[in-house]
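Trainee: This is the structure I want to talk about, given as structure tokens.
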Amino acid sequence: MATAHIRGLVQKRGNRTVLHGVSFALDSGVTGLLGPNGAGKTTLLETLVTLLPPADGDVTVLGEELGSPAGRKEVRARIGFLPQRFGYHPGFTVTEFLSYVAWTKGMARARAQTAVDDAVKLVDLEERADTRMRKLSGGMLQRAGIAAALVHGPELLVLDEPTVGLDPRQRAEFRALVRRLAETTPVLLSTHLTDDVAAMCGSVLVLAEGNIAFQGTPQALEDIGSAEDLGDNALERGYNALLYRDSASQPLGGDPLKSSESDS
């Protein structure tokens, strides 16, 4: 059974329809989610992690239907989510932060202590366990965020732009961590960086104008492009070839090279 199965998902923001009958499936490993700003990636993630109930369509995650409150409650306890900007108390140590997250997940104290220790080890933060969150580097802060998403032992991990702001070494370390985690936990990774997809993902989704424009392997996306297409690597050329109608037009869903616009 697929980790998640989405059929005809419609989602709205107020009166505006953001997702138009989206359908796809998620399985094991790391799945990359690419798309221009405004394509609906954040809305899709927020639906899958139960922050938004589906407006229409069938959404099954971990065998539970997200159309029902009971289904969303069940999935919420079994999923891990790292938003692009996650909240934390800057005065907490890493251990205190993770203990607080475990408490919000309803974990018993004895189990939570073991789970916190395991999460710290998993993301290689043992030497920083007693460091205040405000003193962590960008890469270490992201590791703490991943630990928080993992502390309750989720069956699916969802990451939203996790490498933004990391330097090249931190990004390489983070990618290695995600690949290791994906050996046991399916991962859905939203990113603007084709390098992230090439380094971590066995499958990729491209979302444009609230629709799935592509689902397949990174190699299949590369094959769409040619040497004449815009991009610094084969995957980027395939991505831009998929989105652009012709050299004079705008890509589906907006300009993928503009990163300052807000993403819905």
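Residue numbers start at 1 in each chain; chains themselves are named A, B, ... in the order of the structure tokens; ligands are numbered from 1 in the order shown.
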Excluding Pro69 (chain A) and any residue of its chain fewer than 3 positions from it, enumerate the residues within 12 Å of it, using only C-alpha atoms, and give them as a list in words.

Mentor: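 Close residues of Pro69 (chain A): Thr50, Leu51, Leu52, Pro53, Pro54, Glu64, Glu65, Leu66, Arg72, Lys73, Glu74, Val75 and Arg76 of chain A.
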
Trainee: Show which residues sit within 10 Å of Arg180 (chain A), as a list in words. Count only C-alpha atoms, and ignore same-chain residues fewer than 3 positions away.

Mentor: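 These residues fall inside the cut-off: Gly29, Leu122, Val123, Phe174, Arg175, Ala176, Leu177, Glu183, Thr184, Thr185 and Met200 of chain A.
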
Trainee: Export, as a tab-separated table (two decimals), in the first residue's frame, the selected residues with C-alpha atoms.

Mentor:
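Result written to again_0.tsv:
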```
chain	number	residue	atom	x	y	z
A	29	GLY	CA	12.41	6.65	-0.23
A	122	LEU	CA	20.04	10.21	14.95
A	123	VAL	CA	20.81	13.76	13.81
A	174	PHE	CA	21.84	17.61	5.62
A	175	ARG	CA	21.40	15.68	2.37
A	176	ALA	CA	23.36	12.76	3.80
A	177	LEU	CA	21.13	12.80	6.89
A	183	GLU	CA	16.10	4.06	4.54
A	184	THR	CA	13.38	3.48	7.15
A	185	THR	CA	10.98	6.46	6.84
A	200	MET	CA	18.44	12.90	-2.44
```

Trainee: If we count only C-alpha atoms, what is near Thr104 (chain A) at a cut-off of 12 Å, once residues fewer than 4 positions away on the same chain are taken out, given as a list in words?

Mentor: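 Listing them by chain and then by number gives Arg76, Ala77, Phe97, Leu98, Ser99, Tyr100, Ala108, Arg109, Ala112, Ala148, Ala149, Val151 and His152 of chain A.
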
Trainee: Could you tell me which of A:Leu19, A:Met107, A:Val158, A:Met133 comes closest to Leu45 (chain A) if we count only C-alpha atoms?

Mentor: A:Val158

Trainee: Quote the spacing between CA of Ser28 (chain A) and CA of Thr3 (chain A) in Å to one decimal place.

Mentor: 7.2 Å
